[in-house]
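Shown below: target-v3.txt, with compact mmCIF, C-alpha atoms.
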```txt
# COMPACT_ATOMS: atom_id res chain seq x y z
CA MET A 182 -2.06 -15.46 12.43
CA ILE A 183 -0.47 -13.84 9.44
CA PRO A 184 0.48 -16.56 6.92
CA GLU A 185 4.01 -16.70 5.55
CA HIS A 186 4.38 -14.86 2.28
CA LYS A 187 6.92 -13.11 0.13
CA PHE A 188 6.91 -9.32 0.33
CA ILE A 189 8.25 -6.66 -1.99
CA ASN A 190 8.35 -2.92 -1.41
CA ALA A 191 7.85 -1.71 -4.97
CA ASP A 192 9.20 1.70 -5.89
CA ASN A 193 7.80 2.06 -9.39
CA ILE A 194 4.77 0.98 -11.40
CA GLU A 195 6.82 -0.99 -13.93
CA ASP A 196 8.05 -3.32 -11.19
CA VAL A 197 4.48 -3.79 -9.92
CA LEU A 198 3.25 -4.72 -13.40
CA ARG A 199 6.14 -7.11 -14.02
CA LEU A 200 5.69 -8.81 -10.65
CA LEU A 201 1.93 -9.17 -11.20
CA ASN A 202 2.61 -10.64 -14.61
CA GLU A 203 5.09 -13.18 -13.26
CA ASN A 204 3.09 -14.27 -10.20
CA ASP A 205 -0.49 -15.52 -10.36
CA ASN A 206 -0.87 -15.51 -6.59
CA ALA A 207 0.40 -12.00 -6.01
CA LYS A 208 -1.70 -9.28 -4.41
CA VAL A 209 -1.11 -5.57 -4.27
CA ILE A 210 -1.25 -4.13 -0.75
CA ALA A 211 -1.49 -0.49 0.30
CA GLY A 212 -3.44 0.37 3.48
CA GLY A 213 -3.88 -3.30 4.34
CA THR A 214 -6.98 -2.64 6.44
CA ASP A 215 -8.90 -5.46 4.71
CA ILE A 216 -6.06 -7.89 3.94
CA ILE A 217 -4.35 -7.85 7.34
CA PRO A 218 -7.44 -8.44 9.53
CA GLY A 219 -8.52 -10.91 6.82
CA PHE A 220 -5.27 -12.82 7.38
CA HIS A 221 -5.76 -12.59 11.10
CA ILE A 222 -9.22 -14.15 11.09
CA ASP A 223 -8.03 -16.76 8.57
CA SER A 224 -10.41 -15.54 5.87
CA ALA A 225 -10.66 -17.87 2.88
CA ARG A 226 -10.49 -14.85 0.58
CA PHE A 227 -6.80 -14.25 1.20
CA LYS A 228 -5.58 -17.84 1.52
CA GLU A 229 -3.98 -18.08 -1.92
CA ILE A 230 -1.68 -15.09 -1.52
CA GLU A 231 2.00 -15.95 -1.98
CA LEU A 232 3.41 -12.53 -2.70
CA LEU A 233 2.40 -9.11 -1.39
CA ILE A 234 3.48 -6.12 -3.46
CA ASP A 235 3.44 -2.97 -1.34
CA ILE A 236 2.75 0.19 -3.36
CA ASN A 237 2.81 2.77 -0.56
CA LYS A 238 6.13 4.21 -1.67
CA ILE A 239 5.02 4.94 -5.24
CA LYS A 240 4.05 8.62 -5.39
CA ASP A 241 2.16 8.21 -8.63
CA PHE A 242 -0.33 5.94 -6.89
CA ASN A 243 -1.37 8.39 -4.20
CA SER A 244 -1.46 11.83 -5.76
CA ILE A 245 -4.68 13.76 -6.37
CA GLU A 246 -4.48 15.80 -9.55
CA LEU A 247 -6.69 18.16 -11.53
CA ALA A 248 -7.02 17.27 -15.20
CA ASP A 249 -8.92 19.08 -17.97
CA ASN A 250 -12.28 17.42 -17.55
CA HIS A 251 -11.84 15.31 -14.44
CA LEU A 252 -10.21 14.96 -11.04
CA SER A 253 -7.74 12.08 -10.95
CA ILE A 254 -7.32 10.35 -7.59
CA GLY A 255 -4.44 7.89 -7.18
CA ALA A 256 -5.83 4.50 -6.17
CA SER A 257 -3.69 4.31 -3.03
CA SER A 258 -4.74 7.75 -1.76
CA ASN A 259 -5.93 7.19 1.79
CA PHE A 260 -9.19 8.57 3.15
CA THR A 261 -7.52 11.23 5.30
CA GLN A 262 -5.79 12.54 2.19
CA ILE A 263 -9.10 12.62 0.32
CA ILE A 264 -10.91 14.34 3.21
CA ASN A 265 -8.21 17.03 3.34
CA ASP A 266 -7.90 17.60 -0.41
CA PRO A 267 -9.34 21.00 -1.41
CA ASN A 268 -10.34 19.85 -4.91
CA VAL A 269 -12.22 16.76 -3.77
CA ASN A 270 -14.04 19.00 -1.27
CA LYS A 271 -14.84 21.59 -3.89
CA TYR A 272 -15.99 19.34 -6.72
CA PHE A 273 -17.02 16.04 -5.11
CA PRO A 274 -18.30 16.84 -1.61
CA LEU A 275 -20.44 13.69 -1.34
CA LEU A 276 -17.29 11.57 -1.63
CA VAL A 277 -15.75 13.50 1.26
CA ASN A 278 -18.95 13.07 3.24
CA ALA A 279 -19.00 9.31 2.55
CA VAL A 280 -15.34 8.55 3.28
CA SER A 281 -15.18 10.69 6.40
CA GLN A 282 -17.66 8.25 7.96
CA ILE A 283 -15.53 5.18 7.22
CA GLY A 284 -14.04 3.29 10.18
CA SER A 285 -12.10 5.44 12.59
CA HIS A 286 -9.47 8.14 12.27
CA GLN A 287 -6.77 5.45 12.52
CA ILE A 288 -8.40 3.41 9.73
CA ARG A 289 -8.83 6.48 7.49
CA ASN A 290 -5.13 7.26 7.94
CA ARG A 291 -4.29 3.93 6.24
CA ALA A 292 -7.27 2.68 4.23
CA THR A 293 -7.30 3.65 0.56
CA ILE A 294 -9.97 4.49 -1.96
CA GLY A 295 -8.77 1.77 -4.34
CA GLY A 296 -8.79 -0.82 -1.60
CA ASN A 297 -12.35 0.09 -0.72
CA PHE A 298 -13.87 -0.77 -4.09
CA ILE A 299 -11.39 -3.50 -5.10
CA ASN A 300 -12.35 -5.35 -1.92
CA ASN A 301 -15.95 -4.72 -3.05
CA ALA A 302 -17.74 -5.41 0.20
CA PRO A 303 -21.50 -4.69 -0.07
CA CYS A 304 -21.07 -1.99 2.56
CA ALA A 305 -18.04 -0.20 1.03
CA ASP A 306 -18.94 3.41 1.81
CA SER A 307 -17.06 5.11 -1.01
CA VAL A 308 -18.90 3.09 -3.67
CA PRO A 309 -22.34 4.78 -3.79
CA ALA A 310 -20.66 8.20 -3.91
CA LEU A 311 -18.23 7.10 -6.65
CA LEU A 312 -21.09 5.54 -8.62
CA ILE A 313 -23.18 8.70 -8.72
CA TYR A 314 -20.12 10.67 -9.78
CA ASN A 315 -19.69 8.21 -12.71
CA ALA A 316 -16.20 7.21 -11.61
CA VAL A 317 -13.95 5.67 -14.24
CA LEU A 318 -10.97 3.52 -13.29
CA GLU A 319 -7.60 3.52 -14.98
CA ILE A 320 -6.21 -0.01 -14.94
CA LYS A 321 -2.73 -1.06 -16.00
CA SER A 322 -1.12 -4.34 -16.90
CA ILE A 323 2.18 -5.09 -18.56
CA ILE A 324 0.27 -5.25 -21.86
CA GLU A 325 -2.01 -2.23 -21.77
CA THR A 326 -3.57 0.72 -19.99
CA LYS A 327 -7.35 0.73 -20.09
CA GLU A 328 -10.28 2.59 -18.62
CA ILE A 329 -13.48 1.05 -17.30
CA PRO A 330 -16.44 2.59 -15.46
CA LEU A 331 -16.65 1.57 -11.79
CA SER A 332 -20.19 0.33 -12.43
CA GLU A 333 -18.81 -2.31 -14.85
CA PHE A 334 -15.81 -3.10 -12.66
CA LEU A 335 -17.89 -4.26 -9.67
CA LEU A 336 -19.20 -7.75 -10.42
CA LYS A 337 -20.35 -9.51 -7.27
CA GLN A 338 -19.70 -9.34 -3.55
CA TYR A 339 -15.92 -9.30 -3.13
CA GLN A 340 -15.45 -9.84 -6.88
CA THR A 341 -14.36 -7.38 -9.52
CA ALA A 342 -13.30 -7.39 -13.15
CA LEU A 343 -9.65 -6.96 -12.13
CA ASN A 344 -7.42 -9.62 -13.71
CA THR A 345 -4.52 -11.08 -11.74
CA ASN A 346 -1.98 -9.24 -13.91
CA GLU A 347 -3.68 -5.86 -13.48
CA VAL A 348 -3.58 -3.03 -10.97
CA VAL A 349 -5.97 -0.09 -10.58
CA THR A 350 -3.84 3.03 -10.81
CA ARG A 351 -6.30 5.92 -10.73
CA VAL A 352 -9.93 6.85 -10.10
CA LYS A 353 -11.16 9.54 -12.46
CA LEU A 354 -14.17 11.66 -11.54
CA PRO A 355 -15.57 13.69 -14.45
CA PHE A 356 -16.42 17.27 -13.46
CA LEU A 357 -20.11 18.08 -13.15
CA ASN A 358 -21.59 21.37 -14.16
CA GLU A 359 -22.62 23.59 -11.28
CA ASN A 360 -26.33 22.89 -11.29
CA TYR A 361 -26.06 19.58 -9.47
CA SER A 362 -26.97 19.19 -5.84
CA GLY A 363 -26.78 16.03 -3.76
CA LYS A 364 -26.67 14.22 -0.45
CA PHE A 365 -25.06 11.16 1.12
CA TYR A 366 -26.63 9.20 3.96
CA LYS A 367 -25.19 6.42 6.10
CA LEU A 368 -26.93 4.37 8.73
CA GLY A 369 -24.79 2.19 11.00
CA ARG A 370 -25.43 0.70 14.41
CA ARG A 371 -23.50 3.58 15.94
CA ARG A 372 -21.65 6.59 14.59
CA GLY A 373 -17.98 5.60 14.75
CA VAL A 374 -16.30 2.40 13.50
CA ALA A 375 -19.63 1.20 12.15
CA ILE A 376 -20.29 -1.05 9.19
CA SER A 377 -23.02 0.51 7.06
CA ARG A 378 -26.44 -1.08 7.26
CA ILE A 379 -27.68 1.40 4.70
CA SER A 380 -25.80 3.91 2.58
CA LEU A 381 -27.36 6.12 -0.07
CA ALA A 382 -26.06 8.76 -2.44
CA VAL A 383 -28.33 11.01 -4.47
CA LEU A 384 -27.48 13.69 -7.02
CA MET A 385 -29.97 15.83 -8.93
CA LYS A 386 -29.97 18.54 -11.58
CA LYS A 387 -33.05 20.61 -12.39
CA SER A 388 -34.04 23.19 -14.90
CA ASN A 389 -37.30 25.15 -14.57
CA GLY A 390 -38.67 22.61 -12.13
CA ILE A 391 -37.96 19.69 -14.45
CA ILE A 392 -35.47 16.96 -13.51
CA GLU A 393 -32.74 17.00 -16.14
CA ASP A 394 -30.57 14.41 -14.47
CA VAL A 395 -30.84 12.35 -11.33
CA ARG A 396 -28.48 9.70 -9.99
CA ILE A 397 -29.28 7.40 -7.08
CA ALA A 398 -27.01 4.73 -5.65
CA GLY A 399 -27.20 2.48 -2.62
CA GLY A 400 -24.77 0.40 -0.64
CA ALA A 401 -25.27 -2.37 1.96
CA VAL A 402 -28.90 -2.78 0.85
CA THR A 403 -27.95 -4.60 -2.35
CA PRO A 404 -25.34 -7.38 -2.87
CA ILE A 405 -22.90 -4.75 -4.14
CA GLY A 406 -23.08 -0.96 -4.41
CA THR A 407 -25.71 -0.29 -7.10
CA ARG A 408 -27.04 2.55 -9.26
CA PHE A 409 -30.80 2.50 -9.75
CA THR A 410 -30.63 3.57 -13.40
CA LYS A 411 -34.09 2.33 -14.43
CA ILE A 412 -35.74 4.49 -11.81
CA GLU A 413 -33.43 7.40 -12.63
CA ASP A 414 -34.56 7.16 -16.28
CA MET A 415 -38.20 7.07 -15.18
CA MET A 416 -37.69 10.35 -13.29
CA LYS A 417 -35.83 12.29 -15.96
CA GLY A 418 -37.84 14.91 -17.83
CA LYS A 419 -40.57 14.95 -15.17
CA ALA A 420 -41.48 17.72 -12.75
CA ALA A 421 -39.57 17.55 -9.45
CA LYS A 422 -42.51 16.93 -7.12
CA SER A 423 -43.30 14.91 -4.01
CA ASP A 424 -45.48 12.41 -5.88
CA LEU A 425 -42.62 11.53 -8.21
CA PHE A 426 -40.18 11.22 -5.32
CA LYS A 427 -42.59 8.87 -3.53
CA GLU A 428 -43.00 6.76 -6.64
CA ALA A 429 -39.23 6.59 -7.17
CA ALA A 430 -38.61 5.62 -3.54
CA GLN A 431 -41.23 2.89 -3.72
CA LYS A 432 -39.83 1.47 -6.97
CA ILE A 433 -36.29 1.45 -5.60
CA GLY A 434 -37.57 -0.57 -2.66
CA GLU A 435 -39.11 -3.06 -5.09
CA GLN A 436 -35.88 -3.30 -7.07
CA ILE A 437 -33.85 -3.91 -3.90
CA LEU A 438 -36.20 -6.73 -2.99
CA GLU A 439 -35.75 -8.21 -6.47
CA LEU A 440 -31.97 -8.01 -6.19
CA THR A 441 -31.56 -9.37 -2.68
CA GLY A 442 -34.64 -11.50 -2.08
CA LEU A 443 -36.57 -11.29 1.16
CA ARG A 444 -34.13 -11.28 4.05
CA TRP A 445 -34.67 -11.24 7.82
CA SER A 446 -33.80 -7.55 7.84
CA SER A 447 -36.03 -6.57 4.91
CA ILE A 448 -39.08 -5.84 7.02
CA TYR A 449 -37.12 -3.15 8.82
CA LYS A 450 -34.66 -2.03 6.17
CA LEU A 451 -36.93 -1.59 3.16
CA PRO A 452 -39.33 1.00 4.62
CA VAL A 453 -36.33 2.88 6.05
CA VAL A 454 -34.56 2.92 2.68
CA GLN A 455 -37.72 4.03 0.89
CA GLN A 456 -38.48 6.76 3.40
CA LYS A 457 -34.88 7.95 3.38
CA ILE A 458 -34.65 8.11 -0.42
CA TYR A 459 -37.89 10.08 -0.46
CA GLN A 460 -36.54 12.45 2.20
CA LEU A 461 -33.22 12.94 0.42
CA LEU A 462 -34.97 13.79 -2.85
CA GLU A 463 -37.29 16.24 -1.06
CA GLU A 464 -34.41 17.86 0.81
CA ILE A 465 -32.28 18.26 -2.31
CA ASN A 466 -35.23 19.68 -4.19
CA LEU A 467 -36.03 22.18 -1.44
CA GLU A 468 -32.42 23.26 -1.17
CA MET A 469 -32.22 23.80 -4.91
CA ASN A 470 -35.39 25.89 -4.83
CA SER A 471 -34.07 28.11 -2.05
CA VAL A 472 -30.75 28.57 -3.88
CA ASN A 473 -32.63 29.63 -6.99
CA LYS A 474 -34.75 32.07 -5.00
CA ASN A 475 -31.67 33.67 -3.46
CA GLU A 476 -30.18 34.15 -6.87
CA ASN A 477 -33.30 35.79 -8.28
CA MET B 232 13.80 -9.49 5.83
CA LYS B 233 15.87 -6.71 7.31
CA ILE B 234 14.26 -3.31 7.79
CA LYS B 235 15.42 0.10 8.97
CA PHE B 236 13.12 2.60 10.62
CA THR B 237 13.00 5.23 13.33
CA LEU B 238 11.53 4.16 16.64
CA ASN B 239 10.83 6.81 19.27
CA LYS B 240 13.37 9.10 17.56
CA LYS B 241 16.16 6.48 17.40
CA LYS B 242 17.28 4.85 14.16
CA VAL B 243 16.90 1.10 14.47
CA THR B 244 17.20 -2.00 12.31
CA ALA B 245 15.30 -5.23 12.76
CA GLU B 246 15.09 -8.64 11.19
CA VAL B 247 11.36 -9.24 10.66
CA GLU B 248 9.32 -12.27 9.67
CA SER B 249 6.53 -12.04 7.12
CA THR B 250 4.18 -13.32 9.81
CA GLU B 251 4.84 -10.36 12.11
CA ARG B 252 2.63 -7.32 12.43
CA LEU B 253 3.96 -4.01 13.66
CA ILE B 254 2.42 -4.63 17.09
CA ASP B 255 4.28 -7.96 17.35
CA LEU B 256 7.53 -6.26 16.41
CA LEU B 257 7.05 -3.51 19.00
CA ARG B 258 6.03 -5.77 21.85
CA ASN B 259 8.13 -8.87 21.21
CA LYS B 260 11.36 -7.56 19.67
CA PHE B 261 11.54 -4.10 21.22
CA GLN B 262 9.81 -4.94 24.51
CA LEU B 263 7.60 -1.86 24.20
CA MET B 264 4.64 -3.19 26.17
CA GLY B 265 2.71 0.09 26.30
CA THR B 266 1.11 -0.71 22.96
CA LYS B 267 -1.77 -3.07 23.77
CA GLU B 268 -3.47 -5.71 21.68
CA GLY B 269 -7.23 -5.72 22.11
CA CYS B 270 -9.38 -6.78 19.19
CA SER B 271 -6.61 -7.46 16.61
CA ILE B 272 -8.84 -6.25 13.76
CA GLY B 273 -8.63 -2.47 13.95
CA GLU B 274 -11.76 -1.78 15.96
CA CYS B 275 -10.61 -1.04 19.52
CA GLY B 276 -7.61 1.26 19.02
CA ALA B 277 -5.63 -0.12 21.98
CA CYS B 278 -2.66 -0.68 19.65
CA THR B 279 -2.64 2.88 18.25
CA ILE B 280 0.83 4.27 17.48
CA LEU B 281 2.07 7.12 15.29
CA MET B 282 3.43 6.23 11.87
CA ASP B 283 4.96 9.23 10.12
CA GLY B 284 2.97 11.46 12.46
CA LYS B 285 -0.38 9.76 11.82
CA ALA B 286 -2.30 7.64 14.31
CA VAL B 287 -2.66 4.10 12.98
CA ASN B 288 -3.58 0.70 14.38
CA SER B 289 -0.35 -1.26 14.73
CA CYS B 290 -2.33 -4.51 14.42
CA LEU B 291 -3.20 -3.47 10.84
CA VAL B 292 0.34 -2.85 9.63
CA LEU B 293 2.76 -5.60 8.66
CA ALA B 294 6.25 -5.23 10.12
CA GLU B 295 7.53 -5.36 6.52
CA GLN B 296 5.58 -2.22 5.71
CA ILE B 297 7.44 0.16 8.01
CA GLU B 298 10.74 0.34 6.12
CA GLY B 299 11.92 3.95 6.42
CA ALA B 300 8.95 5.00 8.56
CA GLU B 301 9.01 7.07 11.72
CA ILE B 302 7.25 5.20 14.49
CA ILE B 303 6.34 6.71 17.85
CA THR B 304 4.77 4.57 20.56
CA ILE B 305 3.33 5.63 23.91
CA GLU B 306 6.86 5.20 25.33
CA GLY B 307 8.03 7.95 22.98
CA ILE B 308 5.35 10.46 23.95
CA ALA B 309 6.84 11.23 27.39
CA ASP B 310 10.14 13.12 27.64
CA GLY B 311 12.18 10.53 29.54
CA GLU B 312 10.70 10.34 33.04
CA GLN B 313 8.76 13.56 32.48
CA LEU B 314 5.20 12.74 31.41
CA HIS B 315 3.66 14.60 28.49
CA PRO B 316 0.97 17.14 29.53
CA ILE B 317 -1.67 14.88 27.93
CA GLN B 318 -0.56 12.02 30.19
CA GLU B 319 -0.52 14.29 33.25
CA ASN B 320 -4.02 15.46 32.47
CA PHE B 321 -5.35 11.94 31.93
CA ILE B 322 -4.24 11.21 35.50
CA LYS B 323 -5.61 14.47 36.90
CA ALA B 324 -8.98 14.23 35.15
CA GLY B 325 -9.56 10.64 36.25
CA ALA B 326 -9.44 9.51 32.62
CA ILE B 327 -7.65 6.29 33.55
CA GLN B 328 -9.33 3.41 35.29
CA CYS B 329 -8.08 -0.01 34.18
CA GLY B 330 -5.58 1.68 31.88
CA PHE B 331 -5.76 -0.73 28.94
CA CYS B 332 -7.10 1.83 26.47
CA THR B 333 -4.96 4.66 27.82
CA PRO B 334 -1.85 4.35 25.61
CA GLY B 335 -4.00 4.32 22.46
CA MET B 336 -6.18 7.15 23.75
CA VAL B 337 -3.12 9.28 24.55
CA VAL B 338 -1.57 8.62 21.12
CA SER B 339 -4.81 9.53 19.31
CA SER B 340 -5.14 12.68 21.43
CA TYR B 341 -1.50 13.55 20.73
CA GLU B 342 -2.03 13.41 16.97
CA LEU B 343 -5.22 15.47 17.29
CA LEU B 344 -3.53 18.25 19.29
CA ASN B 345 -0.56 18.29 16.92
CA GLU B 346 -2.82 18.89 13.95
CA ASN B 347 -5.57 20.87 15.60
CA PRO B 348 -4.48 22.79 18.73
CA GLU B 349 -7.99 24.10 19.34
CA PRO B 350 -10.39 21.18 18.87
CA ASN B 351 -14.03 21.47 19.83
CA GLU B 352 -15.81 18.67 21.67
CA GLU B 353 -17.06 17.05 18.44
CA GLU B 354 -13.56 17.01 16.98
CA ILE B 355 -12.20 15.40 20.15
CA LYS B 356 -14.92 12.74 20.02
CA GLU B 357 -14.18 12.07 16.34
CA ALA B 358 -10.44 11.77 17.01
CA ILE B 359 -10.96 9.13 19.73
CA ALA B 360 -13.93 7.37 18.09
CA GLY B 361 -11.54 4.57 17.13
CA ASN B 362 -10.44 4.02 20.74
CA LEU B 363 -12.76 1.97 22.91
CA CYS B 364 -12.86 2.54 26.65
CA ARG B 365 -15.09 0.26 28.73
CA CYS B 366 -14.47 1.97 32.09
CA THR B 367 -14.77 5.73 32.03
CA GLY B 368 -17.74 6.49 29.83
CA TYR B 369 -15.39 8.85 27.93
CA LYS B 370 -16.40 12.02 29.78
CA GLN B 371 -13.16 12.22 31.77
CA ILE B 372 -11.09 11.40 28.71
CA ILE B 373 -12.68 14.22 26.73
CA ASP B 374 -12.09 16.54 29.69
CA ALA B 375 -8.43 15.50 29.81
CA VAL B 376 -7.98 16.30 26.12
CA LYS B 377 -9.71 19.67 26.52
CA ILE B 378 -7.49 20.67 29.45
CA SER B 379 -4.42 19.47 27.55
CA ALA B 380 -5.33 21.55 24.52
CA GLU B 381 -5.61 24.68 26.67
CA GLN B 382 -2.35 23.96 28.47
CA LEU B 383 -0.41 23.23 25.31
CA ARG B 384 -1.71 26.42 23.70
CA ASP B 385 -0.78 28.49 26.75
CA SER B 386 2.72 27.05 26.86
CA LYS B 387 3.44 28.07 23.26
```
Take the structure in the file and write it out as structure tokens.
Amino acid sequence: MIPEHKFINADNIEDVLRLLNENDNAKVIAGGTDIIPGFHIDSARFKEIELLIDINKIKDFNSIELADNHLSIGASSNFTQIINDPNVNKYFPLLVNAVSQIGSHQIRNRATIGGNFINNAPCADSVPALLIYNAVLEIKSIIETKEIPLSEFLLKQYQTALNTNEVVTRVKLPFLNENYSGKFYKLGRRRGVAISRISLAVLMKKSNGIIEDVRIAGGAVTPIGTRFTKIEDMMKGKAAKSDLFKEAAQKIGEQILELTGLRWSSIYKLPVVQQKIYQLLEEINLEMNSVNKNEN
Amino acid sequence: MKIKFTLNKKKVTAEVESTERLIDLLRNKFQLMGTKEGCSIGECGACTILMDGKAVNSCLVLAEQIEGAEIITIEGIADGEQLHPIQENFIKAGAIQCGFCTPGMVVSSYELLNENPEPNEEEIKEAIAGNLCRCTGYKQIIDAVKISAEQLRDSK
């Protein structure tokens, strides 16, 4: 059952900010693919909502724009829009890869990028990809406009740093130079409409066989989507070789165990995650080598 | 609250409750029973309709959210009594057994063929991945979409 609530179709950001400021129990709704089934199953997470502010009609919230040093994605851009956007495809292909595996076609026609990380489920598929692209969020309230990295925004399962008077307006992805190569991997129980059991995103940049930068993030294997920065740091400046990839994969497994504790699924999941991270690193490395050879 | 929208190409108004979803509005107020409720949480696709030309689950849209939208249900896919070629081909290919998933399947296929007149098998599977069928095993449904794609291309 959908609980009774007040509902406002907002047509500009100023109204959204004012309404959020005046109502503590207001929630912004766009795609609704978490809130509405949440209402339906009587989820405790949405019980307090008194007012829903619909932002679907505000163009500024769902445009995808090129800026000088970043791509700016409106927070209520839906996944179909993102999948079809030429600039996201060109500059941030791992995000396209990740979000095209979310839910079903019907879900992707409604569900939004902002909703995905604001809901902050452990298995949110856009999160590992956004994390390795160093996504920064633009957040507005009636008082200020601020920017915060996604990695600081995500606090705990289903909890973020968003205050009740704030709304996320845009996701900014800084452009990478061309020497990066990466991969995204999702494991679900089946291919379509599957909640991720494991999701991984890896990005690497090499120069003369040495790893200049590497970024590794996981979802569904940690309480929230997580970057493995300690292991990334360990890898930087070292030769891109199988031994290093094995060591990194093993250490990531150890860190996951530290973060989540031993769970019933660990005995299966951990070796899979470790093997898959190792494989992804090897594959990226091989692909980069063959690209270099072709150029020479 | 009072909303205005387009339903199967007719302009309509409706008084909606905050507790109503789009599927409730369609079935209860407009008596459009072709749209089915299966899982109620966006997994089975039986309630698929077109909203502004896009296939969406009507169990995941609040009635309040469709102000100004163009909604097409399975009842709006046929041309009066004349079935749409996709519907004809579902019958011919044996893609209908119990029929519960059929309206959603047809609507998803309709959006696919609108946007991509020449889909390959993978693209057809992806387009209907959000529609569960527990009878056919999908083979006949995929065949029906393939034949429809050919027919619709030929008729253009």
inquiry  = Restricting the calculation to only C-alpha atoms: of B:Thr266, B:Ser339, B:Thr244, B:Asn239, which residue gets closest to chain A?
reply    = B:Ser339
query = In terms of the shortest atom-to-atom distance over all atoms listed in the file, which of A:Thr345, A:Ser307, A:Asn193, A:Ser322 is closest to Tyr366 in chain A?
reply =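 The closest residue to Tyr366 in chain A is A:Ser307.
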ask   = With all atoms listed in the file as the basis for distance, which of A:Asp306, A:Tyr314, A:Ile433, A:Val352 is at the shortest distance from Ile379 in chain A?
value =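 Going through A:Asp306, A:Tyr314, A:Ile433, A:Val352 one by one, the smallest distance to Ile379 in chain A is for A:Asp306.
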message = Residues of chain B within 9 Å of chain A, counting only C-alpha atoms, what are they? List them as JSON, numbers by chain.
response = {"B": [232, 248, 249, 250, 251, 252, 271, 272, 273, 274, 275, 276, 279, 285, 286, 287, 288, 290, 291, 292, 293, 295, 296, 298, 339, 357, 358, 359, 360, 361, 362]}
key: Point-to-point distance from CA of Tyr339 in chain A to CA of Trp445 in chain A, Å rounded to tenths   =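 Here the two named atoms are 21.8 Å from each other.
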request  = For range 251-253 of chain A, list every protein, DNA or RNA residue within 8 Å, evaluated using all atoms listed in the file, and leave out those in the same chain fewer than 5 positions away; present the list as JSON, numbers by chain.
outcome  = {"A": [245, 246, 268, 269, 351, 352, 353, 354, 355, 356]}
message = Residues near Tyr459 in chain A, anyone? I mean within 10 Å using only C-alpha atoms, not counting same-chain ones fewer than 5 positions away, as number ranges by chain.
response = A: 423-431, 453-454, 464
request  = Find the residues near range 397-412 of chain A: any atom within 8 Å, counting only C-alpha atoms, skip ones fewer than 5 places away on the same chain, and give them as a ChimeraX atom specification.
outcome  = /A:301-306,308-310,312-313,332,335-338,377-384,429,432-433,437,440-441,450
Keeping only C-alpha atoms, write the selected residues to a file as a compact mmCIF listing (two decimals), keeping the file's coordinate frame.
```
# COMPACT_ATOMS: atom_id res chain seq x y z
CA ASN A 301 -15.95 -4.72 -3.05
CA ALA A 302 -17.74 -5.41 0.20
CA PRO A 303 -21.50 -4.69 -0.07
CA CYS A 304 -21.07 -1.99 2.56
CA ALA A 305 -18.04 -0.20 1.03
CA ASP A 306 -18.94 3.41 1.81
CA VAL A 308 -18.90 3.09 -3.67
CA PRO A 309 -22.34 4.78 -3.79
CA ALA A 310 -20.66 8.20 -3.91
CA LEU A 312 -21.09 5.54 -8.62
CA ILE A 313 -23.18 8.70 -8.72
CA SER A 332 -20.19 0.33 -12.43
CA LEU A 335 -17.89 -4.26 -9.67
CA LEU A 336 -19.20 -7.75 -10.42
CA LYS A 337 -20.35 -9.51 -7.27
CA GLN A 338 -19.70 -9.34 -3.55
CA SER A 377 -23.02 0.51 7.06
CA ARG A 378 -26.44 -1.08 7.26
CA ILE A 379 -27.68 1.40 4.70
CA SER A 380 -25.80 3.91 2.58
CA LEU A 381 -27.36 6.12 -0.07
CA ALA A 382 -26.06 8.76 -2.44
CA VAL A 383 -28.33 11.01 -4.47
CA LEU A 384 -27.48 13.69 -7.02
CA ALA A 429 -39.23 6.59 -7.17
CA LYS A 432 -39.83 1.47 -6.97
CA ILE A 433 -36.29 1.45 -5.60
CA ILE A 437 -33.85 -3.91 -3.90
CA LEU A 440 -31.97 -8.01 -6.19
CA THR A 441 -31.56 -9.37 -2.68
CA LYS A 450 -34.66 -2.03 6.17
```
task = Please return, as a list in words, all polymer residues that have at least one atom within 10 Å of the point (-17.3, 14.9, -2.1); use all atoms listed in the file and the file's own coordinate frame.
result =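 Residues lying no farther than 10 Å from the given point: Ile263, Ile264, Asp266, Asn268, Val269, Asn270, Lys271, Tyr272, Phe273, Pro274, Leu275, Leu276, Val277, Asn278, Ala279, Val280, Ser281, Ser307, Ala310, Leu311, Tyr314, Gly363, Lys364 and Phe365 of chain A.
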Given the selection you just returned, output its residues as a file containing C-alpha atoms, formatted as a CSV table (one decimal), keeping the file's coordinate frame.
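In the end it all went to part.csv:
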```csv
chain,number,residue,atom,x,y,z
A,263,ILE,CA,-9.1,12.6,0.3
A,264,ILE,CA,-10.9,14.3,3.2
A,266,ASP,CA,-7.9,17.6,-0.4
A,268,ASN,CA,-10.3,19.8,-4.9
A,269,VAL,CA,-12.2,16.8,-3.8
A,270,ASN,CA,-14.0,19.0,-1.3
A,271,LYS,CA,-14.8,21.6,-3.9
A,272,TYR,CA,-16.0,19.3,-6.7
A,273,PHE,CA,-17.0,16.0,-5.1
A,274,PRO,CA,-18.3,16.8,-1.6
A,275,LEU,CA,-20.4,13.7,-1.3
A,276,LEU,CA,-17.3,11.6,-1.6
A,277,VAL,CA,-15.8,13.5,1.3
A,278,ASN,CA,-19.0,13.1,3.2
A,279,ALA,CA,-19.0,9.3,2.6
A,280,VAL,CA,-15.3,8.6,3.3
A,281,SER,CA,-15.2,10.7,6.4
A,307,SER,CA,-17.1,5.1,-1.0
A,310,ALA,CA,-20.7,8.2,-3.9
A,311,LEU,CA,-18.2,7.1,-6.6
A,314,TYR,CA,-20.1,10.7,-9.8
A,363,GLY,CA,-26.8,16.0,-3.8
A,364,LYS,CA,-26.7,14.2,-0.4
A,365,PHE,CA,-25.1,11.2,1.1
```
task = Quick one: pull the distance between CA of Glu359 in chain A and CA of Pro330 in chain A, Å, one decimal.
result =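 So the two atoms, CA of Glu359 in chain A and CA of Pro330 in chain A, lie 22.3 Å apart.
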